[in-house]
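To be precise, the following lines are structure_27.cif, and they hold mmCIF, C-alpha atoms.
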data_work
#
loop_
_atom_site.group_PDB
_atom_site.id
_atom_site.type_symbol
_atom_site.label_atom_id
_atom_site.label_comp_id
_atom_site.auth_asym_id
_atom_site.auth_seq_id
_atom_site.Cartn_x
_atom_site.Cartn_y
_atom_site.Cartn_z
ATOM 1 C CA MET I 1 -73.991 -78.102 20.805
ATOM 2 C CA VAL I 2 -73.286 -74.810 19.035
ATOM 3 C CA ARG I 3 -73.727 -71.821 21.298
ATOM 4 C CA PRO I 4 -75.375 -68.749 19.754
ATOM 5 C CA PRO I 5 -73.122 -65.744 19.251
ATOM 6 C CA GLN I 6 -72.858 -63.569 22.308
ATOM 7 C CA ALA I 7 -74.625 -60.242 22.350
ATOM 8 C CA PRO I 8 -72.097 -57.442 22.026
ATOM 9 C CA LEU I 9 -72.978 -56.055 25.438
ATOM 10 C CA PRO I 10 -69.596 -54.334 25.931
ATOM 11 C CA LEU I 11 -69.985 -52.660 22.536
ATOM 12 C CA MET I 12 -73.559 -51.581 23.289
ATOM 13 C CA LEU I 13 -72.539 -50.234 26.690
ATOM 14 C CA ALA I 14 -69.669 -48.302 25.098
ATOM 15 C CA LEU I 15 -72.041 -46.834 22.512
ATOM 16 C CA LEU I 16 -74.501 -46.011 25.284
ATOM 17 C CA LEU I 17 -71.816 -44.143 27.207
ATOM 18 C CA ALA I 18 -70.780 -42.248 24.064
ATOM 19 C CA ALA I 19 -74.401 -41.354 23.292
ATOM 20 C CA ALA I 20 -74.907 -40.120 26.864
ATOM 21 C CA GLY I 21 -71.863 -37.881 26.490
ATOM 22 C CA ALA I 22 -73.130 -36.569 23.148
ATOM 23 C CA SER I 23 -76.532 -35.892 24.711
ATOM 24 C CA LEU I 24 -74.900 -33.457 27.147
ATOM 25 C CA VAL I 25 -73.248 -31.557 24.290
ATOM 26 C CA ILE I 26 -75.894 -31.479 21.552
ATOM 27 C CA GLY I 27 -78.919 -29.218 21.628
ATOM 28 C CA LYS I 28 -80.186 -25.796 20.656
ATOM 29 C CA VAL I 29 -77.165 -24.467 22.517
ATOM 30 C CA TRP I 30 -74.164 -26.630 21.643
ATOM 31 C CA LEU I 31 -71.654 -27.080 24.420
ATOM 32 C CA PRO I 32 -68.232 -28.156 23.134
ATOM 33 C CA PRO I 33 -66.428 -30.423 25.627
ATOM 34 C CA VAL I 34 -64.022 -27.619 26.609
ATOM 35 C CA VAL I 35 -66.907 -25.244 27.390
ATOM 36 C CA LEU I 36 -68.772 -28.032 29.169
ATOM 37 C CA PHE I 37 -65.905 -28.915 31.495
ATOM 38 C CA ASP I 38 -65.037 -25.253 32.095
ATOM 39 C CA GLY I 39 -68.653 -24.579 33.076
ATOM 40 C CA LEU I 40 -68.726 -27.527 35.461
ATOM 41 C CA ALA I 41 -65.446 -26.407 37.054
ATOM 42 C CA ALA I 42 -66.311 -22.692 37.231
ATOM 43 C CA PRO I 43 -68.170 -21.084 40.150
ATOM 44 C CA LYS I 44 -71.860 -21.944 40.221
ATOM 45 C CA PRO I 45 -74.284 -21.037 38.858
ATOM 46 C CA ASN I 46 -73.199 -20.385 35.284
ATOM 47 C CA LEU I 47 -74.920 -20.908 31.943
ATOM 48 C CA ALA I 48 -73.206 -24.182 30.981
ATOM 49 C CA TRP I 49 -73.763 -25.675 34.437
ATOM 50 C CA LEU I 50 -77.470 -24.730 34.415
ATOM 51 C CA ILE I 51 -78.023 -26.140 30.907
ATOM 52 C CA VAL I 52 -76.329 -29.426 31.780
ATOM 53 C CA THR I 53 -77.772 -30.019 35.249
ATOM 54 C CA GLU I 54 -81.303 -28.690 34.709
ATOM 55 C CA LEU I 55 -81.941 -29.646 31.070
ATOM 56 C CA ARG I 56 -79.496 -32.088 29.528
ATOM 57 C CA ILE I 57 -78.852 -34.550 32.386
ATOM 58 C CA PRO I 58 -82.553 -35.001 33.301
ATOM 59 C CA ARG I 59 -83.361 -35.485 29.609
ATOM 60 C CA THR I 60 -80.574 -38.032 29.182
ATOM 61 C CA VAL I 61 -81.423 -39.952 32.351
ATOM 62 C CA LEU I 62 -85.099 -40.109 31.427
ATOM 63 C CA ALA I 63 -84.357 -41.277 27.870
ATOM 64 C CA LEU I 64 -82.144 -44.060 29.237
ATOM 65 C CA MET I 65 -84.725 -45.182 31.798
ATOM 66 C CA VAL I 66 -87.681 -45.062 29.404
ATOM 67 C CA GLY I 67 -85.784 -46.810 26.596
ATOM 68 C CA ALA I 68 -84.521 -49.570 28.888
ATOM 69 C CA THR I 69 -88.014 -50.040 30.322
ATOM 70 C CA LEU I 70 -89.653 -50.334 26.902
ATOM 71 C CA GLY I 71 -86.973 -52.712 25.607
ATOM 72 C CA LEU I 72 -87.162 -54.941 28.672
ATOM 73 C CA GLY I 73 -90.959 -54.901 28.756
ATOM 74 C CA GLY I 74 -91.164 -55.818 25.075
ATOM 75 C CA ALA I 75 -88.749 -58.732 25.495
ATOM 76 C CA VAL I 76 -90.675 -60.135 28.469
ATOM 77 C CA LEU I 77 -94.055 -59.854 26.743
ATOM 78 C CA GLN I 78 -92.793 -61.464 23.543
ATOM 79 C CA GLY I 79 -91.594 -64.389 25.635
ATOM 80 C CA LEU I 80 -94.704 -64.560 27.796
ATOM 81 C CA LEU I 81 -97.206 -64.346 24.945
ATOM 82 C CA ARG I 82 -94.979 -66.217 22.471
ATOM 83 C CA ASN I 83 -95.890 -63.516 19.992
ATOM 84 C CA PRO I 84 -93.158 -61.708 18.022
ATOM 85 C CA LEU I 85 -95.432 -58.691 17.574
ATOM 86 C CA ALA I 86 -96.025 -58.191 21.301
ATOM 87 C CA GLU I 87 -94.962 -54.916 22.916
ATOM 88 C CA PRO I 88 -95.846 -53.048 26.142
ATOM 89 C CA GLY I 89 -98.906 -51.328 24.685
ATOM 90 C CA LEU I 90 -100.526 -54.664 23.856
ATOM 91 C CA LEU I 91 -101.837 -55.250 27.392
ATOM 92 C CA GLY I 92 -103.400 -51.825 27.808
ATOM 93 C CA VAL I 93 -100.821 -50.526 30.294
ATOM 94 C CA SER I 94 -99.533 -47.709 28.073
ATOM 95 C CA GLY I 95 -103.086 -46.633 27.257
ATOM 96 C CA GLY I 96 -104.044 -46.644 30.934
ATOM 97 C CA ALA I 97 -101.020 -44.520 31.837
ATOM 98 C CA ALA I 98 -101.788 -42.109 29.014
ATOM 99 C CA LEU I 99 -105.422 -41.801 30.103
ATOM 100 C CA GLY I 100 -104.437 -41.119 33.701
ATOM 101 C CA ALA I 101 -102.026 -38.384 32.685
ATOM 102 C CA VAL I 102 -104.538 -36.857 30.266
ATOM 103 C CA ILE I 103 -107.141 -36.709 33.051
ATOM 104 C CA ALA I 104 -104.676 -34.600 35.055
ATOM 105 C CA ILE I 105 -104.244 -32.251 32.086
ATOM 106 C CA TYR I 106 -107.981 -32.189 31.239
ATOM 107 C CA PHE I 107 -109.105 -31.094 34.691
ATOM 108 C CA GLY I 108 -106.281 -28.573 35.062
ATOM 109 C CA LEU I 109 -104.635 -30.473 37.910
ATOM 110 C CA ALA I 110 -101.274 -30.522 36.129
ATOM 111 C CA ALA I 111 -101.145 -26.725 36.090
ATOM 112 C CA ARG I 112 -101.620 -26.594 39.868
ATOM 113 C CA PHE I 113 -99.230 -29.377 40.859
ATOM 114 C CA ALA I 114 -96.699 -30.795 38.374
ATOM 115 C CA LEU I 115 -96.457 -34.187 40.091
ATOM 116 C CA VAL I 116 -100.149 -34.926 39.561
ATOM 117 C CA THR I 117 -99.526 -35.961 35.937
ATOM 118 C CA PRO I 118 -97.063 -38.791 36.681
ATOM 119 C CA LEU I 119 -99.036 -39.845 39.761
ATOM 120 C CA LEU I 120 -102.291 -40.253 37.836
ATOM 121 C CA GLY I 121 -100.385 -41.829 34.964
ATOM 122 C CA ILE I 122 -98.980 -44.500 37.272
ATOM 123 C CA ALA I 123 -102.415 -45.020 38.834
ATOM 124 C CA GLY I 124 -103.943 -45.435 35.370
ATOM 125 C CA ALA I 125 -101.304 -47.970 34.369
ATOM 126 C CA LEU I 126 -101.811 -50.029 37.525
ATOM 127 C CA ALA I 127 -105.598 -49.951 37.075
ATOM 128 C CA ALA I 128 -105.282 -51.030 33.439
ATOM 129 C CA GLY I 129 -102.859 -53.820 34.344
ATOM 130 C CA ALA I 130 -105.137 -55.066 37.114
ATOM 131 C CA LEU I 131 -108.142 -55.037 34.786
ATOM 132 C CA THR I 132 -106.237 -56.941 32.098
ATOM 133 C CA PHE I 133 -105.073 -59.568 34.584
ATOM 134 C CA LEU I 134 -108.530 -59.877 36.152
ATOM 135 C CA PHE I 135 -110.156 -60.806 32.838
ATOM 136 C CA GLY I 136 -107.224 -62.481 31.106
ATOM 137 C CA ARG I 137 -105.465 -64.574 33.717
ATOM 138 C CA SER I 138 -106.836 -67.886 32.451
ATOM 139 C CA GLY I 139 -104.519 -68.090 29.439
ATOM 140 C CA THR I 140 -102.354 -66.357 26.870
ATOM 141 C CA LEU I 141 -105.141 -65.749 24.359
ATOM 142 C CA THR I 142 -107.511 -64.324 26.964
ATOM 143 C CA LEU I 143 -104.697 -62.091 28.258
ATOM 144 C CA ILE I 144 -104.182 -60.653 24.764
ATOM 145 C CA LEU I 145 -107.921 -60.184 24.257
ATOM 146 C CA ALA I 146 -108.325 -58.525 27.651
ATOM 147 C CA GLY I 147 -105.373 -56.240 26.912
ATOM 148 C CA SER I 148 -106.907 -55.271 23.573
ATOM 149 C CA ALA I 149 -110.211 -54.489 25.291
ATOM 150 C CA VAL I 150 -108.493 -52.339 27.939
ATOM 151 C CA SER I 151 -106.470 -50.561 25.231
ATOM 152 C CA GLY I 152 -109.687 -49.826 23.351
ATOM 153 C CA LEU I 153 -111.305 -48.498 26.506
ATOM 154 C CA ALA I 154 -108.326 -46.224 27.187
ATOM 155 C CA ALA I 155 -108.336 -45.012 23.573
ATOM 156 C CA ALA I 156 -112.027 -44.172 23.879
ATOM 157 C CA GLY I 157 -111.290 -42.204 27.051
ATOM 158 C CA LEU I 158 -108.521 -40.276 25.305
ATOM 159 C CA ALA I 159 -110.828 -39.502 22.380
ATOM 160 C CA LEU I 160 -113.510 -38.244 24.771
ATOM 161 C CA ALA I 161 -110.975 -36.021 26.521
ATOM 162 C CA LEU I 162 -109.966 -34.472 23.199
ATOM 163 C CA ASN I 163 -113.577 -34.173 22.053
ATOM 164 C CA PHE I 164 -114.705 -32.365 25.208
ATOM 165 C CA ALA I 165 -111.507 -30.446 25.924
ATOM 166 C CA PRO I 166 -112.522 -27.333 27.897
ATOM 167 C CA SER I 167 -110.329 -25.060 25.758
ATOM 168 C CA PRO I 168 -108.113 -25.157 22.668
ATOM 169 C CA TYR I 169 -105.136 -24.823 24.989
ATOM 170 C CA ALA I 170 -106.144 -27.959 26.913
ATOM 171 C CA ALA I 171 -106.579 -29.881 23.644
ATOM 172 C CA TYR I 172 -103.154 -28.705 22.521
ATOM 173 C CA GLU I 173 -101.569 -29.752 25.814
ATOM 174 C CA ILE I 174 -103.165 -33.205 25.621
ATOM 175 C CA THR I 175 -102.111 -33.722 22.013
ATOM 176 C CA THR I 176 -98.571 -32.524 22.682
ATOM 177 C CA TRP I 177 -98.191 -34.853 25.655
ATOM 178 C CA LEU I 178 -99.501 -37.831 23.682
ATOM 179 C CA LEU I 179 -96.807 -37.297 21.037
ATOM 180 C CA GLY I 180 -94.144 -38.256 23.601
ATOM 181 C CA SER I 181 -91.057 -36.374 24.754
ATOM 182 C CA VAL I 182 -88.313 -36.544 27.392
ATOM 183 C CA ALA I 183 -87.554 -32.820 27.203
ATOM 184 C CA GLU I 184 -88.280 -30.274 29.931
ATOM 185 C CA ARG I 185 -88.841 -32.759 32.726
ATOM 186 C CA GLU I 186 -88.024 -31.821 36.307
ATOM 187 C CA TRP I 187 -85.856 -33.790 38.709
ATOM 188 C CA SER I 188 -88.781 -34.075 41.132
ATOM 189 C CA GLN I 189 -90.835 -35.901 38.486
ATOM 190 C CA ILE I 190 -87.977 -38.295 37.713
ATOM 191 C CA VAL I 191 -87.409 -39.000 41.410
ATOM 192 C CA LEU I 192 -91.131 -39.713 41.845
ATOM 193 C CA CYS I 193 -91.264 -42.262 38.996
ATOM 194 C CA THR I 194 -87.901 -43.964 39.551
ATOM 195 C CA PRO I 195 -89.030 -46.236 42.457
ATOM 196 C CA PHE I 196 -91.938 -47.523 40.348
ATOM 197 C CA ILE I 197 -89.642 -48.206 37.401
ATOM 198 C CA LEU I 198 -87.131 -50.024 39.607
ATOM 199 C CA ALA I 199 -89.903 -52.068 41.238
ATOM 200 C CA GLY I 200 -91.148 -53.027 37.779
ATOM 201 C CA TRP I 201 -87.645 -54.068 36.712
ATOM 202 C CA LEU I 202 -87.392 -56.309 39.779
ATOM 203 C CA CYS I 203 -90.671 -58.034 38.883
ATOM 204 C CA LEU I 204 -89.540 -58.549 35.288
ATOM 205 C CA ALA I 205 -86.150 -59.832 36.472
ATOM 206 C CA ALA I 206 -87.970 -62.696 38.219
ATOM 207 C CA THR I 207 -89.466 -64.038 34.967
ATOM 208 C CA PRO I 208 -86.533 -65.517 32.907
ATOM 209 C CA ARG I 209 -86.778 -69.108 34.174
ATOM 210 C CA GLY I 210 -90.526 -69.241 33.567
ATOM 211 C CA LEU I 211 -90.186 -67.652 30.126
ATOM 212 C CA ASP I 212 -87.588 -70.247 29.114
ATOM 213 C CA ALA I 213 -89.869 -73.067 30.238
ATOM 214 C CA LEU I 214 -92.832 -71.504 28.454
ATOM 215 C CA THR I 215 -91.118 -71.920 25.080
ATOM 216 C CA LEU I 216 -91.917 -75.639 25.407
ATOM 217 C CA GLY I 217 -95.634 -74.941 25.843
ATOM 218 C CA GLU I 218 -97.896 -74.164 28.789
ATOM 219 C CA ALA I 219 -98.472 -77.802 29.769
ATOM 220 C CA GLN I 220 -94.754 -78.587 29.672
ATOM 221 C CA ALA I 221 -93.928 -75.433 31.638
ATOM 222 C CA GLU I 222 -96.393 -76.427 34.366
ATOM 223 C CA SER I 223 -94.903 -79.927 34.463
ATOM 224 C CA LEU I 224 -91.511 -78.298 35.138
ATOM 225 C CA GLY I 225 -92.968 -76.551 38.181
ATOM 226 C CA VAL I 226 -93.692 -73.137 36.668
ATOM 227 C CA ASN I 227 -96.711 -71.379 38.159
ATOM 228 C CA LEU I 228 -98.162 -69.753 35.046
ATOM 229 C CA ASN I 229 -100.555 -67.491 36.946
ATOM 230 C CA MET I 230 -97.663 -66.205 39.055
ATOM 231 C CA LEU I 231 -95.540 -65.742 35.924
ATOM 232 C CA ARG I 232 -98.293 -63.743 34.227
ATOM 233 C CA ALA I 233 -98.861 -61.691 37.388
ATOM 234 C CA LEU I 234 -95.139 -60.876 37.693
ATOM 235 C CA ALA I 235 -94.857 -59.921 34.039
ATOM 236 C CA LEU I 236 -98.004 -57.812 34.084
ATOM 237 C CA ALA I 237 -97.107 -56.139 37.388
ATOM 238 C CA GLY I 238 -93.599 -55.410 36.127
ATOM 239 C CA VAL I 239 -94.878 -53.911 32.890
ATOM 240 C CA ALA I 240 -97.598 -51.942 34.677
ATOM 241 C CA LEU I 241 -95.159 -50.450 37.184
ATOM 242 C CA SER I 242 -92.201 -49.731 34.898
ATOM 243 C CA VAL I 243 -93.861 -48.974 31.560
ATOM 244 C CA GLY I 244 -96.700 -47.166 33.317
ATOM 245 C CA ALA I 245 -94.280 -44.880 35.156
ATOM 246 C CA ALA I 246 -92.230 -44.351 31.981
ATOM 247 C CA THR I 247 -95.340 -43.468 29.959
ATOM 248 C CA ALA I 248 -96.560 -41.183 32.722
ATOM 249 C CA MET I 249 -93.296 -39.264 32.430
ATOM 250 C CA ALA I 250 -92.557 -39.294 28.702
ATOM 251 C CA GLY I 251 -95.939 -39.776 27.051
ATOM 252 C CA ALA I 252 -96.790 -42.365 24.432
ATOM 253 C CA ILE I 253 -93.606 -43.657 22.744
ATOM 254 C CA GLY I 254 -94.178 -46.627 20.490
ATOM 255 C CA PHE I 255 -92.183 -49.290 18.663
ATOM 256 C CA VAL I 256 -89.103 -49.309 20.924
ATOM 257 C CA GLY I 257 -90.454 -52.299 22.858
ATOM 258 C CA LEU I 258 -91.179 -54.096 19.588
ATOM 259 C CA VAL I 259 -87.958 -53.290 17.739
ATOM 260 C CA ALA I 260 -85.306 -53.723 20.450
ATOM 261 C CA PRO I 261 -85.817 -57.464 21.171
ATOM 262 C CA HIS I 262 -85.850 -58.325 17.457
ATOM 263 C CA LEU I 263 -82.635 -56.441 16.745
ATOM 264 C CA VAL I 264 -80.689 -58.162 19.543
ATOM 265 C CA ARG I 265 -82.148 -61.632 18.978
ATOM 266 C CA PRO I 266 -79.753 -62.546 16.119
ATOM 267 C CA PHE I 267 -76.856 -62.125 18.576
ATOM 268 C CA VAL I 268 -78.309 -64.173 21.427
ATOM 269 C CA GLY I 269 -80.564 -66.768 19.834
ATOM 270 C CA TYR I 270 -84.201 -67.335 20.803
ATOM 271 C CA ARG I 271 -83.898 -68.206 24.470
ATOM 272 C CA PRO I 272 -85.979 -65.517 26.240
ATOM 273 C CA SER I 273 -83.741 -65.234 29.295
ATOM 274 C CA ARG I 274 -80.773 -64.287 27.098
ATOM 275 C CA ILE I 275 -82.699 -61.495 25.393
ATOM 276 C CA LEU I 276 -83.851 -59.471 28.394
ATOM 277 C CA LEU I 277 -80.694 -57.557 29.374
ATOM 278 C CA PRO I 278 -79.526 -56.870 25.792
ATOM 279 C CA SER I 279 -83.017 -55.631 24.904
ATOM 280 C CA ALA I 280 -82.986 -53.231 27.846
ATOM 281 C CA VAL I 281 -79.551 -51.871 26.912
ATOM 282 C CA PHE I 282 -80.402 -51.563 23.228
ATOM 283 C CA GLY I 283 -83.766 -49.958 24.004
ATOM 284 C CA ALA I 284 -81.987 -47.297 26.071
ATOM 285 C CA LEU I 285 -79.451 -46.742 23.285
ATOM 286 C CA LEU I 286 -82.137 -46.569 20.593
ATOM 287 C CA LEU I 287 -84.276 -44.043 22.437
ATOM 288 C CA LEU I 288 -81.332 -41.856 23.440
ATOM 289 C CA VAL I 289 -79.955 -41.765 19.876
ATOM 290 C CA THR I 290 -83.432 -40.924 18.585
ATOM 291 C CA ASP I 291 -83.716 -38.101 21.122
ATOM 292 C CA ILE I 292 -80.344 -36.745 19.992
ATOM 293 C CA ALA I 293 -81.487 -36.952 16.361
ATOM 294 C CA ILE I 294 -84.542 -34.763 16.941
ATOM 295 C CA ARG I 295 -82.261 -32.028 18.272
ATOM 296 C CA VAL I 296 -80.151 -31.900 15.105
ATOM 297 C CA ILE I 297 -82.879 -32.381 12.469
ATOM 298 C CA PRO I 298 -83.419 -28.901 10.996
ATOM 299 C CA THR I 299 -87.110 -28.222 11.620
ATOM 300 C CA SER I 300 -88.929 -25.053 12.610
ATOM 301 C CA ALA I 301 -90.150 -26.773 15.777
ATOM 302 C CA GLU I 302 -88.469 -29.720 17.482
ATOM 303 C CA LEU I 303 -89.974 -33.062 16.504
ATOM 304 C CA LYS I 304 -91.624 -35.000 19.283
ATOM 305 C CA LEU I 305 -89.858 -38.194 20.286
ATOM 306 C CA GLY I 306 -92.885 -40.432 19.770
ATOM 307 C CA VAL I 307 -93.294 -39.123 16.216
ATOM 308 C CA LEU I 308 -89.747 -40.054 15.187
ATOM 309 C CA THR I 309 -89.842 -43.474 16.859
ATOM 310 C CA SER I 310 -93.035 -44.186 14.908
ATOM 311 C CA LEU I 311 -91.438 -43.043 11.648
ATOM 312 C CA ILE I 312 -88.488 -45.350 12.333
ATOM 313 C CA GLY I 313 -90.512 -48.241 13.711
ATOM 314 C CA THR I 314 -93.292 -48.435 11.116
ATOM 315 C CA PRO I 315 -91.069 -49.631 8.224
ATOM 316 C CA PHE I 316 -89.521 -52.189 10.600
ATOM 317 C CA PHE I 317 -92.996 -53.372 11.571
ATOM 318 C CA PHE I 318 -93.947 -53.900 7.913
ATOM 319 C CA TRP I 319 -90.662 -55.748 7.313
ATOM 320 C CA LEU I 320 -91.367 -57.974 10.296
ATOM 321 C CA VAL I 321 -94.898 -58.751 9.079
ATOM 322 C CA LEU I 322 -93.585 -59.661 5.605
ATOM 323 C CA ARG I 323 -90.867 -61.823 7.145
ATOM 324 C CA LEU I 324 -93.426 -63.691 9.261
ATOM 325 C CA ARG I 325 -95.584 -64.224 6.194
ATOM 326 C CA ARG I 326 -92.646 -65.782 4.335
ATOM 327 C CA LEU I 327 -91.881 -68.085 7.264
ATOM 328 C CA SER I 328 -95.474 -69.181 7.826
ATOM 329 C CA PRO I 329 -96.623 -72.395 6.108
#

Can you turn what I pasted into structure tokens?
Amino acid sequence: MVRPPQAPLPLMLALLLAAAGASLVIGKVWLPPVVLFDGLAAPKPNLAWLIVTELRIPRTVLALMVGATLGLGGAVLQGLLRNPLAEPGLLGVSGGAALGAVIAIYFGLAARFALVTPLLGIAGALAAGALTFLFGRSGTLTLILAGSAVSGLAAAGLALALNFAPSPYAAYEITTWLLGSVAEREWSQIVLCTPFILAGWLCLAATPRGLDALTLGEAQAESLGVNLNMLRALALAGVALSVGAATAMAGAIGFVGLVAPHLVRPFVGYRPSRILLPSAVFGALLLLVTDIAIRVIPTSAELKLGVLTSLIGTPFFFWLVLRLRRLSP
């Protein structure tokens, strides 16, 4: 039996470390390594130390966490739904998180207490995930249909919020947040969301055996002792917790969860359990590199992260659709 080529995890981890280092240097104020290390070694506070600890490190950490979450969530959902076009937004979780955060902005709660936005975002994601599971737990097709219905409901709520925004400033704030960004986030917000992301990762880490069995079909997976309802609940809970918390922090960032699993699959084959960790690592790398790119692209105003991921991901999506059409009978 020929084993599939191993995913270049050491290479990806090395690139991830290099990108993290570059993320601390690159920005509106460039910090050459000499200046960076001098600032960290000099008496505190100083300009370099403040830029790194209050702006660059939180931005880098959040990009890594959000990218890894989207990559892992996409890989799990593609295995669970046996659908190569599946990604975290398919089950309505991202839309629920976005709606929860927008409610905080719409009613002015975010201006009074910064942590309200991620808290309501997480609550919205959990509510959306619960609603999807409640109506779609009987099978894969019903899960997809329920997720589409919940996504449509969340989109309608977002449209209503924009339509009835109490002021142009509120509409601007909502629109800006929906474009997605990891910039200007506080440590307190990251600390609040991290336990939810880690809890979601733990749920998703319990799915590989069931996902491998599911490649044989639902009946065969059940004959091997896989509890499909439990598998769906774990996957949906993991996505709701991790992707919901990530969306609550960074806004709507698309295509990473779709692209990352497909780009690592040629290195690991099509066994779902072998794709999860590489997808998480590559998702983190992809999002961090994209965030670095928006800092160096010469524009009058910094591009939002979700805009650039969509510009990168849309051509890939069309390529994937054409490829599937060629492979279909």

Next item on the list: May I ask for the distance between CA of Leu145 (chain I) and CA of Leu224 (chain I), given in Å to one decimal place?
Entry: 26.8 Å

Next item on the list: Evaluate the PyMOL selection byres ((chain I and resi 237) around 8) here and jot the selected residues down as a PyMOL selection string.
Entry: chain I and resi 126+129+200+203+233-236+238-241

Next item on the list: With only C-alpha atoms counted, which protein, DNA or RNA residues have an atom no more than 10 Å from (-105.9, -63.5, 30.6) in the file frame? Please answer as a PyMOL selection string.
Entry: chain I and resi 91+131-147+229+232-233

Go ahead and save the residues from that selection, with C-alpha atoms, as a compact mmCIF listing (two decimals), in the frame of the given file.
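Writing the result to selection00.txt gives the following:
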# COMPACT_ATOMS: atom_id res chain seq x y z
CA LEU I 91 -101.84 -55.25 27.39
CA LEU I 131 -108.14 -55.04 34.79
CA THR I 132 -106.24 -56.94 32.10
CA PHE I 133 -105.07 -59.57 34.58
CA LEU I 134 -108.53 -59.88 36.15
CA PHE I 135 -110.16 -60.81 32.84
CA GLY I 136 -107.22 -62.48 31.11
CA ARG I 137 -105.46 -64.57 33.72
CA SER I 138 -106.84 -67.89 32.45
CA GLY I 139 -104.52 -68.09 29.44
CA THR I 140 -102.35 -66.36 26.87
CA LEU I 141 -105.14 -65.75 24.36
CA THR I 142 -107.51 -64.32 26.96
CA LEU I 143 -104.70 -62.09 28.26
CA ILE I 144 -104.18 -60.65 24.76
CA LEU I 145 -107.92 -60.18 24.26
CA ALA I 146 -108.32 -58.52 27.65
CA GLY I 147 -105.37 -56.24 26.91
CA ASN I 229 -100.56 -67.49 36.95
CA ARG I 232 -98.29 -63.74 34.23
CA ALA I 233 -98.86 -61.69 37.39

Checklist line | Which of I:Leu160, I:Met65, I:Ala41, I:Leu72 sits closest to Ala260 (chain I) [using all atoms listed in the file] | finding: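 Looking at the shortest contact to Ala260 (chain I), the residue is I:Leu72.
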
Check: Quick one: of I:Ala97, I:Leu288, I:Ala130, I:Leu119, who's nearest to Ala252 (chain I), counting all atoms listed in the file?
Finding: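 Using all atoms listed in the file, the shortest distance to Ala252 (chain I) belongs to I:Ala97.
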
Notebook entry, point to check: Counting only C-alpha atoms, what is within 12 Å of Phe316 (chain I), bar same-chain residues fewer than 2 positions away, as an MDAnalysis selection string?
Noted result: chainID I and resid 85 255:256 258:260 262:263 309:314 318:323

Next item on the list: Go through I:Ala98, I:Leu192, I:Val52, I:Ala14 one by one, measure the shortest atom-to-atom distance of each to Ala114 (chain I) using only C-alpha atoms, and give the residue with the smallest value.
Entry: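 Checking each candidate against Ala114 (chain I), we get I:Leu192 as the closest.
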
Next item on the list: Take CA of Leu231 (chain I) and CA of Arg274 (chain I) and report the distance between them in Å, one decimal.
Entry: 17.3 Å

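Here CA of Gly100 (chain I) and CA of Gly124 (chain I) stand 4.7 Å from one another.
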
Notebook entry, point to check: Could you pull the residues within 9 Å of region 293-307 of chain I, counting all atoms listed in the file, minus those fewer than 2 positions along the same chain, as a PyMOL selection string?
Noted result: chain I and resi 26-28+176+178-182+250-255+287-291+309-312

Next item on the list: Rank nothing, just name the residue among I:Leu9, I:Leu99, I:Ala248, I:Leu40 nearest to Thr117 (chain I), using all atoms listed in the file.
Entry: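 For Thr117 (chain I), the nearest of the given residues is I:Ala248.
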
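Those residues returned by the PyMOL selection byres ((chain I and resi 59-63) around 7) for this file are I:Ala20, I:Ser23, I:Leu55, I:Arg56, I:Ile57, I:Pro58, I:Leu64, I:Met65, I:Val66, I:Gly67, I:Val182, I:Ala183, I:Arg185, I:Ala284, I:Leu287, I:Leu288.
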
Padded axis-aligned box of region 83-89 of chain I (4 Å per side), centre and edge lengths, Å, one decimal, as AutoDock Vina command-line options:
--center_x -96.0 --center_y -57.4 --center_z 21.9 --size_x 13.7 --size_y 20.2 --size_z 16.6

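With distances taken over all atoms listed in the file, I:Leu285 is the one residue among I:Val191, I:Ala165, I:Pro278, I:Leu285 lying closest to Ala22 (chain I).
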
Item checked: Answer key for the PyMOL selection byres ((chain I and resi 168-175) around 9), residues as a VMD selection string -> chain I and resid 101 to 102 105 to 108 158 161 to 167 176 to 179

Next item on the list: Pick out the closest residue to Leu120 (chain I) from this set: I:Asn83, I:Ser242, I:Thr247, I:Thr69. Count all atoms listed in the file.
Entry: I:Thr247

Margin query: For a quick check of your reading of the model, name the residues lying within 7 Å of the coordinate (-90.3, -46.5, 37.6), counting all atoms listed in the file, and write them as a PyMOL selection string.
Written below: chain I and resi 193-200+241-242+245-246

Next item on the list: Find the residues around Val35 (chain I) up to 12 Å (all atoms listed in the file counted), leave out those fewer than 5 positions away in its own chain, and share them as a list in words.
Entry: Leu24, Val25, Val29, Trp30, Leu40, Ala41, Ala42, Asn46, Leu47, Ala48, Trp49, Ile51 and Val52 of chain I

Please identify all polymer residues within 10 Å of Thr215 (chain I), counting all atoms listed in the file, omitting same-chain residues fewer than 3 positions from it, and present them as an mmCIF file with C-alpha atoms, in the coordinates of the input.
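That gives us selection_39.cif:
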data_model
loop_
_atom_site.group_PDB
_atom_site.id
_atom_site.type_symbol
_atom_site.label_atom_id
_atom_site.label_comp_id
_atom_site.auth_asym_id
_atom_site.auth_seq_id
_atom_site.Cartn_x
_atom_site.Cartn_y
_atom_site.Cartn_z
ATOM 1 C CA GLY I 79 -91.594 -64.389 25.635
ATOM 2 C CA LEU I 80 -94.704 -64.560 27.796
ATOM 3 C CA LEU I 81 -97.206 -64.346 24.945
ATOM 4 C CA ARG I 82 -94.979 -66.217 22.471
ATOM 5 C CA GLY I 210 -90.526 -69.241 33.567
ATOM 6 C CA LEU I 211 -90.186 -67.652 30.126
ATOM 7 C CA ASP I 212 -87.588 -70.247 29.114
ATOM 8 C CA GLU I 218 -97.896 -74.164 28.789
ATOM 9 C CA GLN I 220 -94.754 -78.587 29.672
ATOM 10 C CA ALA I 221 -93.928 -75.433 31.638
ATOM 11 C CA TYR I 270 -84.201 -67.335 20.803
ATOM 12 C CA ARG I 271 -83.898 -68.206 24.470
ATOM 13 C CA PRO I 272 -85.979 -65.517 26.240
#
